[in-house]
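**Q** Quick one, run22.pdb (PDB, C-alpha atoms and all ligand atoms):
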ATOM      1  CA  MET A 756      21.688  32.356  -9.301  1.00  0.00           C
ATOM      2  CA  SER A 757      19.829  29.101  -8.850  1.00  0.00           C
ATOM      3  CA  ARG A 758      20.663  26.866  -5.930  1.00  0.00           C
ATOM      4  CA  GLU A 759      20.078  23.173  -5.617  1.00  0.00           C
ATOM      5  CA  PRO A 760      17.437  22.513  -2.971  1.00  0.00           C
ATOM      6  CA  SER A 761      19.041  20.911   0.042  1.00  0.00           C
ATOM      7  CA  ILE A 762      17.747  17.463   0.856  1.00  0.00           C
ATOM      8  CA  PRO A 763      17.808  16.619   4.550  1.00  0.00           C
ATOM      9  CA  ALA A 764      20.009  13.674   5.409  1.00  0.00           C
ATOM     10  CA  MET A 765      18.234  10.322   5.682  1.00  0.00           C
ATOM     11  CA  GLY A 766      16.069  10.094   8.750  1.00  0.00           C
ATOM     12  CA  ASN A 767      16.844  13.663   9.903  1.00  0.00           C
ATOM     13  CA  ALA A 768      14.140  16.160  10.674  1.00  0.00           C
ATOM     14  CA  ALA A 769      13.305  18.454   7.775  1.00  0.00           C
ATOM     15  CA  PRO A 770      13.955  22.148   8.514  1.00  0.00           C
ATOM     16  CA  GLY A 771      10.244  22.922   8.918  1.00  0.00           C
ATOM     17  CA  GLU A 772       9.591  20.368  11.623  1.00  0.00           C
ATOM     18  CA  GLY A 773       8.650  21.926  14.918  1.00  0.00           C
ATOM     19  CA  SER A 774       8.646  25.492  13.548  1.00  0.00           C
ATOM     20  CA  SER A 775       4.901  25.798  14.208  1.00  0.00           C
ATOM     21  CA  PRO A 776       3.120  24.477  17.300  1.00  0.00           C
ATOM     22  CA  ALA A 777      -0.138  24.058  15.293  1.00  0.00           C
ATOM     23  CA  VAL A 778      -1.134  20.481  14.519  1.00  0.00           C
ATOM     24  CA  VAL A 779      -4.324  19.517  12.750  1.00  0.00           C
ATOM     25  CA  GLU A 780      -6.336  17.058  14.833  1.00  0.00           C
ATOM     26  CA  PRO A 781      -6.520  13.433  13.615  1.00  0.00           C
ATOM     27  CA  ALA A 782     -10.232  13.461  12.644  1.00  0.00           C
ATOM     28  CA  ARG A 783      -9.770  16.573  10.496  1.00  0.00           C
ATOM     29  CA  PHE A 784      -6.636  15.158   8.918  1.00  0.00           C
ATOM     30  CA  ARG A 785      -8.480  11.937   8.141  1.00  0.00           C
ATOM     31  CA  GLY A 786     -11.356  13.954   6.621  1.00  0.00           C
ATOM     32  CA  ILE A 787      -8.962  15.886   4.414  1.00  0.00           C
ATOM     33  CA  MET A 788      -7.074  12.791   3.265  1.00  0.00           C
ATOM     34  CA  GLY A 789     -10.390  11.036   2.621  1.00  0.00           C
ATOM     35  CA  HIS A 790     -10.785  13.312  -0.406  1.00  0.00           C
ATOM     36  CA  TYR A 791      -7.691  11.752  -1.929  1.00  0.00           C
ATOM     37  CA  PRO A 792      -8.849   8.575  -3.688  1.00  0.00           C
ATOM     38  CA  THR A 793      -6.514   5.621  -3.546  1.00  0.00           C
ATOM     39  CA  GLY A 794      -6.329   2.063  -4.712  1.00  0.00           C
ATOM     40  CA  VAL A 795      -6.543  -0.702  -2.156  1.00  0.00           C
ATOM     41  CA  THR A 796      -3.877  -3.324  -1.564  1.00  0.00           C
ATOM     42  CA  VAL A 797      -3.240  -6.275   0.673  1.00  0.00           C
ATOM     43  CA  VAL A 798       0.367  -6.287   1.848  1.00  0.00           C
ATOM     44  CA  THR A 799       1.521  -9.775   2.739  1.00  0.00           C
ATOM     45  CA  ALA A 800       4.516 -11.639   4.116  1.00  0.00           C
ATOM     46  CA  VAL A 801       5.249 -14.954   5.771  1.00  0.00           C
ATOM     47  CA  ASP A 802       5.995 -15.413   9.424  1.00  0.00           C
ATOM     48  CA  ARG A 803       9.142 -17.250  10.559  1.00  0.00           C
ATOM     49  CA  ASP A 804       7.175 -20.511  10.661  1.00  0.00           C
ATOM     50  CA  GLY A 805       5.765 -19.956   7.174  1.00  0.00           C
ATOM     51  CA  THR A 806       2.359 -18.712   8.307  1.00  0.00           C
ATOM     52  CA  PRO A 807       0.997 -16.064   5.936  1.00  0.00           C
ATOM     53  CA  VAL A 808       0.259 -12.601   7.309  1.00  0.00           C
ATOM     54  CA  GLY A 809      -1.419  -9.701   5.564  1.00  0.00           C
ATOM     55  CA  LEU A 810      -3.148  -6.396   6.058  1.00  0.00           C
ATOM     56  CA  THR A 811      -5.210  -4.047   3.924  1.00  0.00           C
ATOM     57  CA  ALA A 812      -3.205  -0.934   3.076  1.00  0.00           C
ATOM     58  CA  ASN A 813      -3.859   2.094   0.895  1.00  0.00           C
ATOM     59  CA  SER A 814      -0.679   4.004   1.742  1.00  0.00           C
ATOM     60  CA  VAL A 815       1.230   2.343  -1.089  1.00  0.00           C
ATOM     61  CA  THR A 816       3.163   4.726  -3.346  1.00  0.00           C
ATOM     62  CA  SER A 817       5.787   4.271  -5.992  1.00  0.00           C
ATOM     63  CA  VAL A 818       9.044   5.954  -4.984  1.00  0.00           C
ATOM     64  CA  SER A 819      11.706   5.419  -7.634  1.00  0.00           C
ATOM     65  CA  LEU A 820      11.994   3.860 -11.079  1.00  0.00           C
ATOM     66  CA  ASP A 821      15.708   3.038 -10.962  1.00  0.00           C
ATOM     67  CA  PRO A 822      15.939   1.123  -8.763  1.00  0.00           C
ATOM     68  CA  PRO A 823      12.231   0.322  -8.689  1.00  0.00           C
ATOM     69  CA  LEU A 824      11.094   1.235  -5.186  1.00  0.00           C
ATOM     70  CA  VAL A 825       7.678   1.260  -3.598  1.00  0.00           C
ATOM     71  CA  LEU A 826       6.669   2.279  -0.096  1.00  0.00           C
ATOM     72  CA  VAL A 827       3.921   1.382   2.313  1.00  0.00           C
ATOM     73  CA  CYS A 828       3.272   2.974   5.694  1.00  0.00           C
ATOM     74  CA  VAL A 829       2.418   0.395   8.336  1.00  0.00           C
ATOM     75  CA  SER A 830       1.118   1.269  11.784  1.00  0.00           C
ATOM     76  CA  GLU A 831       3.549   0.579  14.606  1.00  0.00           C
ATOM     77  CA  LYS A 832       0.610  -1.262  16.228  1.00  0.00           C
ATOM     78  CA  SER A 833       0.250  -3.627  13.266  1.00  0.00           C
ATOM     79  CA  SER A 834       0.443  -7.282  14.247  1.00  0.00           C
ATOM     80  CA  SER A 835       1.841  -8.060  10.767  1.00  0.00           C
ATOM     81  CA  LEU A 836       4.723  -5.583  10.995  1.00  0.00           C
ATOM     82  CA  GLY A 837       7.036  -7.880  12.962  1.00  0.00           C
ATOM     83  CA  ALA A 838       6.648 -10.663  10.395  1.00  0.00           C
ATOM     84  CA  ILE A 839       7.279  -8.299   7.486  1.00  0.00           C
ATOM     85  CA  LEU A 840      10.434  -6.940   9.133  1.00  0.00           C
ATOM     86  CA  ALA A 841      11.685 -10.403  10.117  1.00  0.00           C
ATOM     87  CA  ASN A 842      10.905 -11.792   6.659  1.00  0.00           C
ATOM     88  CA  GLY A 843      12.785  -8.916   5.027  1.00  0.00           C
ATOM     89  CA  ALA A 844      10.373  -9.113   2.111  1.00  0.00           C
ATOM     90  CA  PHE A 845       6.737  -8.491   1.349  1.00  0.00           C
ATOM     91  CA  ALA A 846       4.228  -8.623  -1.475  1.00  0.00           C
ATOM     92  CA  VAL A 847       1.778  -5.934  -2.546  1.00  0.00           C
ATOM     93  CA  ASN A 848      -1.515  -7.195  -4.006  1.00  0.00           C
ATOM     94  CA  ILE A 849      -3.551  -4.555  -5.832  1.00  0.00           C
ATOM     95  CA  LEU A 850      -7.201  -5.468  -5.404  1.00  0.00           C
ATOM     96  CA  GLY A 851      -9.775  -5.536  -8.176  1.00  0.00           C
ATOM     97  CA  ALA A 852     -13.127  -3.736  -8.245  1.00  0.00           C
ATOM     98  CA  GLY A 853     -14.994  -6.760  -6.893  1.00  0.00           C
ATOM     99  CA  ALA A 854     -12.685  -7.377  -3.951  1.00  0.00           C
ATOM    100  CA  ALA A 855     -14.132  -5.074  -1.282  1.00  0.00           C
ATOM    101  CA  ALA A 856     -14.850  -8.133   0.883  1.00  0.00           C
ATOM    102  CA  THR A 857     -11.163  -9.073   0.713  1.00  0.00           C
ATOM    103  CA  ALA A 858     -10.216  -5.551   1.805  1.00  0.00           C
ATOM    104  CA  VAL A 859     -12.631  -5.756   4.745  1.00  0.00           C
ATOM    105  CA  ARG A 860     -11.356  -9.215   5.669  1.00  0.00           C
ATOM    106  CA  PHE A 861      -7.689  -8.136   5.744  1.00  0.00           C
ATOM    107  CA  ALA A 862      -8.568  -5.022   7.741  1.00  0.00           C
ATOM    108  CA  GLU A 863     -11.029  -6.467  10.231  1.00  0.00           C
ATOM    109  CA  GLU A 864     -10.782 -10.247  10.559  1.00  0.00           C
ATOM    110  CA  LYS A 865      -8.618 -11.835  13.212  1.00  0.00           C
ATOM    111  CA  ARG A 866      -5.107 -12.098  11.799  1.00  0.00           C
ATOM    112  CA  THR A 867      -5.203 -15.894  11.914  1.00  0.00           C
ATOM    113  CA  ASP A 868      -8.502 -16.081   9.962  1.00  0.00           C
ATOM    114  CA  ARG A 869      -7.665 -13.754   7.107  1.00  0.00           C
ATOM    115  CA  PHE A 870      -6.340 -16.379   4.682  1.00  0.00           C
ATOM    116  CA  ARG A 871      -9.113 -18.911   5.349  1.00  0.00           C
ATOM    117  CA  ASN A 872     -10.654 -19.932   1.971  1.00  0.00           C
ATOM    118  CA  VAL A 873      -8.369 -17.486   0.155  1.00  0.00           C
ATOM    119  CA  THR A 874      -6.282 -18.975  -2.658  1.00  0.00           C
ATOM    120  CA  TYR A 875      -2.790 -17.642  -3.035  1.00  0.00           C
ATOM    121  CA  THR A 876       0.763 -18.518  -4.058  1.00  0.00           C
ATOM    122  CA  VAL A 877       3.721 -17.675  -1.847  1.00  0.00           C
ATOM    123  CA  LYS A 878       6.332 -15.994  -4.032  1.00  0.00           C
ATOM    124  CA  GLU A 879       9.975 -16.264  -3.113  1.00  0.00           C
ATOM    125  CA  GLY A 880      11.420 -12.882  -2.151  1.00  0.00           C
ATOM    126  CA  GLY A 881       7.997 -11.560  -1.235  1.00  0.00           C
ATOM    127  CA  GLY A 882       4.908 -13.062   0.309  1.00  0.00           C
ATOM    128  CA  PRO A 883       1.531 -14.515  -0.611  1.00  0.00           C
ATOM    129  CA  VAL A 884       0.145 -13.341  -3.953  1.00  0.00           C
ATOM    130  CA  LEU A 885      -3.646 -13.519  -3.891  1.00  0.00           C
ATOM    131  CA  ASP A 886      -5.504 -15.098  -6.798  1.00  0.00           C
ATOM    132  CA  GLY A 887      -7.553 -12.476  -8.615  1.00  0.00           C
ATOM    133  CA  ALA A 888      -5.334  -9.501  -7.773  1.00  0.00           C
ATOM    134  CA  VAL A 889      -5.357  -6.911 -10.572  1.00  0.00           C
ATOM    135  CA  ALA A 890      -1.585  -6.627 -10.175  1.00  0.00           C
ATOM    136  CA  TRP A 891       1.043  -7.717  -7.684  1.00  0.00           C
ATOM    137  CA  MET A 892       4.681  -7.129  -6.858  1.00  0.00           C
ATOM    138  CA  THR A 893       7.196  -8.745  -4.570  1.00  0.00           C
ATOM    139  CA  CYS A 894       9.681  -6.575  -2.720  1.00  0.00           C
ATOM    140  CA  GLY A 895      12.815  -7.011  -0.681  1.00  0.00           C
ATOM    141  CA  LEU A 896      12.911  -4.664   2.293  1.00  0.00           C
ATOM    142  CA  TYR A 897      15.230  -1.828   1.203  1.00  0.00           C
ATOM    143  CA  ARG A 898      14.861   0.815   3.954  1.00  0.00           C
ATOM    144  CA  THR A 899      12.644   1.494   6.950  1.00  0.00           C
ATOM    145  CA  PHE A 900      11.874   4.868   8.517  1.00  0.00           C
ATOM    146  CA  GLU A 901      10.002   5.652  11.699  1.00  0.00           C
ATOM    147  CA  ALA A 902       7.421   8.335  10.995  1.00  0.00           C
ATOM    148  CA  GLY A 903       4.999   9.273  13.761  1.00  0.00           C
ATOM    149  CA  ASP A 904       2.851   6.286  14.633  1.00  0.00           C
ATOM    150  CA  HIS A 905       3.741   4.456  11.407  1.00  0.00           C
ATOM    151  CA  VAL A 906       6.819   2.811   9.948  1.00  0.00           C
ATOM    152  CA  ILE A 907       7.589   3.549   6.315  1.00  0.00           C
ATOM    153  CA  LEU A 908       8.672   0.364   4.584  1.00  0.00           C
ATOM    154  CA  VAL A 909      10.501   0.927   1.322  1.00  0.00           C
ATOM    155  CA  GLY A 910      10.675  -2.183  -0.834  1.00  0.00           C
ATOM    156  CA  LYS A 911      12.841  -2.898  -3.844  1.00  0.00           C
ATOM    157  CA  VAL A 912      10.568  -4.520  -6.385  1.00  0.00           C
ATOM    158  CA  ASN A 913      12.032  -7.788  -7.614  1.00  0.00           C
ATOM    159  CA  ASP A 914       9.083  -9.264  -9.492  1.00  0.00           C
ATOM    160  CA  GLY A 915       5.523  -8.471 -10.397  1.00  0.00           C
ATOM    161  CA  GLU A 916       2.769  -8.753 -12.913  1.00  0.00           C
ATOM    162  CA  ALA A 917      -0.273  -6.779 -13.977  1.00  0.00           C
ATOM    163  CA  ALA A 918      -3.132  -9.093 -14.846  1.00  0.00           C
ATOM    164  CA  GLY A 919      -5.327  -6.071 -15.533  1.00  0.00           C
ATOM    165  CA  GLY A 920      -8.912  -5.264 -14.689  1.00  0.00           C
ATOM    166  CA  ASP A 921     -10.619  -2.401 -12.895  1.00  0.00           C
ATOM    167  CA  PRO A 922      -9.168  -1.652  -9.475  1.00  0.00           C
ATOM    168  CA  LEU A 923     -10.941  -1.267  -6.166  1.00  0.00           C
ATOM    169  CA  VAL A 924     -10.936   2.378  -5.035  1.00  0.00           C
ATOM    170  CA  PHE A 925     -11.150   3.844  -1.536  1.00  0.00           C
ATOM    171  CA  PHE A 926     -12.675   7.321  -1.339  1.00  0.00           C
ATOM    172  CA  LEU A 927     -14.339   9.239   1.500  1.00  0.00           C
ATOM    173  CA  GLY A 928     -14.145   6.159   3.679  1.00  0.00           C
ATOM    174  CA  ARG A 929     -16.005   3.980   1.173  1.00  0.00           C
ATOM    175  CA  TYR A 930     -15.109   1.330  -1.368  1.00  0.00           C
ATOM    176  CA  GLU A 931     -15.877   2.438  -4.904  1.00  0.00           C
ATOM    177  CA  ASN A 932     -14.978   1.284  -8.363  1.00  0.00           C
ATOM    178  CA  LEU A 933     -14.250   3.080 -11.579  1.00  0.00           C
ATOM    179  CA  THR A 934     -16.956   1.480 -13.673  1.00  0.00           C
ATOM    180  CA  ALA A 935     -20.261   3.343 -13.896  1.00  0.00           C
ATOM    181  CA  ALA A 936     -23.350   2.359 -15.895  1.00  0.00           C
ATOM    182  CA  GLY A 937     -21.463  -0.446 -17.608  1.00  0.00           C
ATOM    183  CA  GLU A 938     -18.931   1.911 -19.135  1.00  0.00           C
ATOM    184  CA  PRO A 939     -15.316   0.943 -18.637  1.00  0.00           C
ATOM    185  CA  PHE A 940     -13.325   3.697 -16.920  1.00  0.00           C
ATOM    186  CA  GLY A 941     -10.921   4.184 -19.842  1.00  0.00           C
ATOM    187  CA  SER A 942     -13.717   5.159 -22.238  1.00  0.00           C
ATOM    188  CA  ARG A 943     -14.910   7.950 -19.931  1.00  0.00           C
ATOM    189  CA  HIS A 944     -11.507   9.340 -19.033  1.00  0.00           C
ATOM    190  CA  GLY A 945      -9.408   9.116 -22.161  1.00  0.00           C
ATOM    191  CA  GLY A 946      -7.899   5.696 -21.621  1.00  0.00           C
ATOM    192  CA  PRO A 947      -4.704   4.671 -19.910  1.00  0.00           C
ATOM    193  CA  VAL A 948      -1.728   7.006 -19.526  1.00  0.00           C
ATOM    194  CA  PRO A 949       0.747   6.373 -22.382  1.00  0.00           C
ATOM    195  CA  ALA A 950       3.713   4.198 -21.452  1.00  0.00           C
ATOM    196  CA  THR A 951       6.094   7.064 -22.284  1.00  0.00           C
ATOM    197  CA  SER A 952       4.636   9.309 -19.555  1.00  0.00           C
ATOM    198  CA  GLU A 953       7.146  10.481 -16.963  1.00  0.00           C
ATOM    199  CA  GLU A 954       4.445  10.564 -14.358  1.00  0.00           C
ATOM    200  CA  GLN A 955       4.414   7.805 -11.794  1.00  0.00           C
TER     201      GLN A 955
HETATM  202  C1  LIG B1001      -8.961   0.915   3.015  1.00  0.00           C
HETATM  203  C2  LIG B1001      -8.021   0.675   4.167  1.00  0.00           C
HETATM  204  C3  LIG B1001      -6.709   1.073   4.067  1.00  0.00           C
HETATM  205  C4  LIG B1001      -5.807   0.851   5.110  1.00  0.00           C
HETATM  206  N1  LIG B1001      -4.512   1.243   4.970  1.00  0.00           N
HETATM  207  C5  LIG B1001      -3.623   1.013   5.950  1.00  0.00           C
HETATM  208  C6  LIG B1001      -2.258   1.376   5.782  1.00  0.00           C
HETATM  209  O1  LIG B1001      -1.851   1.903   4.768  1.00  0.00           O
HETATM  210  N2  LIG B1001      -1.395   1.083   6.800  1.00  0.00           N
HETATM  211  C7  LIG B1001      -1.815   0.483   7.949  1.00  0.00           C
HETATM  212  O2  LIG B1001      -0.993   0.259   8.856  1.00  0.00           O
HETATM  213  N3  LIG B1001      -3.115   0.126   8.142  1.00  0.00           N
HETATM  214  C8  LIG B1001      -4.012   0.370   7.161  1.00  0.00           C
HETATM  215  N4  LIG B1001      -5.313  -0.011   7.315  1.00  0.00           N
HETATM  216  C9  LIG B1001      -5.725  -0.644   8.563  1.00  0.00           C
HETATM  217  C10 LIG B1001      -5.309  -2.102   8.640  1.00  0.00           C
HETATM  218  O3  LIG B1001      -5.722  -2.841   7.503  1.00  0.00           O
HETATM  219  C11 LIG B1001      -5.930  -2.749   9.885  1.00  0.00           C
HETATM  220  O4  LIG B1001      -5.606  -1.999  11.023  1.00  0.00           O
HETATM  221  C12 LIG B1001      -5.495  -4.182  10.068  1.00  0.00           C
HETATM  222  O5  LIG B1001      -6.307  -4.792  11.059  1.00  0.00           O
HETATM  223  C13 LIG B1001      -4.055  -4.300  10.482  1.00  0.00           C
HETATM  224  O6  LIG B1001      -3.766  -5.669  10.634  1.00  0.00           O
HETATM  225  P1  LIG B1001      -2.495  -6.203  11.429  1.00  0.00           P
HETATM  226  O7  LIG B1001      -2.562  -5.580  12.803  1.00  0.00           O
HETATM  227  O8  LIG B1001      -2.630  -7.696  11.433  1.00  0.00           O
HETATM  228  O9  LIG B1001      -1.294  -5.753  10.673  1.00  0.00           O
HETATM  229  C14 LIG B1001      -6.237   0.214   6.295  1.00  0.00           C
HETATM  230  C15 LIG B1001      -7.577  -0.204   6.394  1.00  0.00           C
HETATM  231  C16 LIG B1001      -8.441   0.033   5.350  1.00  0.00           C
HETATM  232  C17 LIG B1001      -9.864  -0.439   5.480  1.00  0.00           C
END
Turn this file's structure into structure tokens for me.

**A**
Amino acid sequence: MSREPSIPAMGNAAPGEGSSPAVVEPARFRGIMGHYPTGVTVVTAVDRDGTPVGLTANSVTSVSLDPPLVLVCVSEKSSSLGAILANGAFAVNILGAGAAATAVRFAEEKRTDRFRNVTYTVKEGGGPVLDGAVAWMTCGLYRTFEAGDHVILVGKVNDGEAAGGDPLVFFLGRYENLTAAGEPFGSRHGGPVPATSEEQ
């Protein structure tokens, strides 16, 4: 007889939590996760006084198609977190292959300097959308969850566009791109996933 898997109630500990005292140390965990290539985004919002805020983030994942939900994990130490929560909305900018400097800027520059000489449009119900982003989406804050030293922000996607172009990739602690020897990525790897795919 098959049984439906039980889903822990929202925010509750899953049954496995705490069952083993073993915890992998942060450096090893980072090394393991470094083998998982990701895209690179800049997550943005506007402060109460309209000042733009933004941080580089690669923890962005799609969550649900109906409604369309996306999540990003933001450090509880993030200086942008308060603005995102207060704004109740944020934008996710997916960076293009040539935008490593933008990723570095939004990870390392002083918060107040990050938008200097950057052209962007503030989208209602979201945050600043950076010119040149491969794709962007604006999200209303749908749920938040505390998880360790990060806060999981789940956004309901209300608008977005994919301009296209090769994305910036983060792998083994380095910025990479998908284009090698002048060959576009799609020609080496069978092209884009068909629109009918169930995979997210
Ligand atoms: C490639 C890359 C990905 C990152 N991803 C995240 C992330 O998903 N969440 C996060 O909180 N910080 C992430 N960071 C670190 C933040 O960008 C960095 O700590 C930034 O200074 C935070 O800015 P804030 O304190 O103004 O929010 C990432 C950094 C890099 C370089």

**Q** Could you tell me which residues the PyMOL selection byres (((chain A and resi 778-788) around 12) and not hetatm) returns for this structure, as a PyMOL selection string?

**A** chain A and resi 772-777+789-793+813-814+904+925-928

**Q** Could you list the protein, DNA and RNA residues that have any atom within 10 Å of ligand LIG 1001 (chain B), counting all atoms listed in the file, and write them as a VMD selection string?

**A** chain A and resid 793 to 799 808 to 816 826 to 839 855 857 to 867 869 904 to 907 923 to 926 928 to 930

**Q** Between CA of Gly853 (chain A) and CA of Pro922 (chain A), measure the distance and give it in Å to one decimal.

**A**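 Here the two named atoms are 8.2 Å from each other.
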
**Q** Using Å and a single decimal, report how far CA of Ala841 (chain A) sits from CA of Arg871 (chain A).

**A**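 Going from CA of Arg871 (chain A) over to CA of Ala841 (chain A) covers 23.0 Å.
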
**Q** Between CA of Pro883 (chain A) and CA of Asp804 (chain A), what distance in Å does the model show, to one decimal?

**A**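 CA of Asp804 (chain A) lies at a distance of 14.0 Å from CA of Pro883 (chain A).
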
**Q** Can you pull out the residues contacting Gly887 (chain A)? Cut-off 10 Å, using all atoms listed in the file, and skip same-chain residues under 4 positions away; I want them as a PDB file with C-alpha atoms, keeping the file's coordinate frame.

**A**
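New file around-v7.pdb:
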ATOM      1  CA  ASN A 848      -1.515  -7.195  -4.006  1.00  0.00           C
ATOM      2  CA  ILE A 849      -3.551  -4.555  -5.832  1.00  0.00           C
ATOM      3  CA  LEU A 850      -7.201  -5.468  -5.404  1.00  0.00           C
ATOM      4  CA  GLY A 851      -9.775  -5.536  -8.176  1.00  0.00           C
ATOM      5  CA  GLY A 853     -14.994  -6.760  -6.893  1.00  0.00           C
ATOM      6  CA  ALA A 854     -12.685  -7.377  -3.951  1.00  0.00           C
ATOM      7  CA  THR A 874      -6.282 -18.975  -2.658  1.00  0.00           C
ATOM      8  CA  TYR A 875      -2.790 -17.642  -3.035  1.00  0.00           C
ATOM      9  CA  TRP A 891       1.043  -7.717  -7.684  1.00  0.00           C
ATOM     10  CA  ALA A 918      -3.132  -9.093 -14.846  1.00  0.00           C
ATOM     11  CA  GLY A 919      -5.327  -6.071 -15.533  1.00  0.00           C
ATOM     12  CA  GLY A 920      -8.912  -5.264 -14.689  1.00  0.00           C
TER      13      GLY A 920
END

**Q** List the residues selected by the PyMOL selection byres (((chain A and resi 914) around 8) and not hetatm) in the file shown, writing them as an mmCIF file with C-alpha atoms, in the coordinates of the input.

**A**
data_model
loop_
_atom_site.group_PDB
_atom_site.id
_atom_site.type_symbol
_atom_site.label_atom_id
_atom_site.label_comp_id
_atom_site.auth_asym_id
_atom_site.auth_seq_id
_atom_site.Cartn_x
_atom_site.Cartn_y
_atom_site.Cartn_z
ATOM 1 C CA MET A 892 4.681 -7.129 -6.858
ATOM 2 C CA THR A 893 7.196 -8.745 -4.570
ATOM 3 C CA CYS A 894 9.681 -6.575 -2.720
ATOM 4 C CA VAL A 912 10.568 -4.520 -6.385
ATOM 5 C CA ASN A 913 12.032 -7.788 -7.614
ATOM 6 C CA GLY A 915 5.523 -8.471 -10.397
ATOM 7 C CA GLU A 916 2.769 -8.753 -12.913
#

**Q** Identify, on the basis of only C-alpha atoms, every residue whose closest approach to Leu896 (chain A) does not exceed 8 Å; exclude the query and any residue fewer than 2 positions from it along the same chain; express the result as a tab-separated table (two decimals) with C-alpha atoms, in the frame of the given file.

**A**
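part.tsv, written as the output of this step:
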chain	number	residue	atom	x	y	z
A	840	LEU	CA	10.43	-6.94	9.13
A	843	GLY	CA	12.78	-8.92	5.03
A	844	ALA	CA	10.37	-9.11	2.11
A	845	PHE	CA	6.74	-8.49	1.35
A	894	CYS	CA	9.68	-6.58	-2.72
A	898	ARG	CA	14.86	0.82	3.95
A	899	THR	CA	12.64	1.49	6.95
A	908	LEU	CA	8.67	0.36	4.58
A	909	VAL	CA	10.50	0.93	1.32
A	910	GLY	CA	10.68	-2.18	-0.83
A	911	LYS	CA	12.84	-2.90	-3.84

**Q** Need to verify the contact set: Pro807 (chain A), 8 Å, only C-alpha atoms, exclusion of same-chain residues closer than 4 positions in sequence. Can you return it as a list in words?

**A**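 Contacts, in chain order: Thr799, Ala800, Val801, Asp802, Phe870, Gly882 and Pro883 of chain A.
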
**Q** Next, the residues of the selection above should be written as a short mmCIF file (atom, residue, chain, number, x, y, z; two decimals), in the frame of the given file with C-alpha atoms.

**A**
data_model
loop_
_atom_site.label_atom_id
_atom_site.label_comp_id
_atom_site.auth_asym_id
_atom_site.auth_seq_id
_atom_site.Cartn_x
_atom_site.Cartn_y
_atom_site.Cartn_z
CA THR A 799 1.52 -9.78 2.74
CA ALA A 800 4.52 -11.64 4.12
CA VAL A 801 5.25 -14.95 5.77
CA ASP A 802 6.00 -15.41 9.42
CA PHE A 870 -6.34 -16.38 4.68
CA GLY A 882 4.91 -13.06 0.31
CA PRO A 883 1.53 -14.52 -0.61
#

**Q** Counting only C-alpha atoms, which residue out of A:Asp886, A:Val877, A:Tyr897, A:Asp868 sits closest to Ser819 (chain A)?

**A**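 Of all the options, A:Tyr897 lies closest to Ser819 (chain A).
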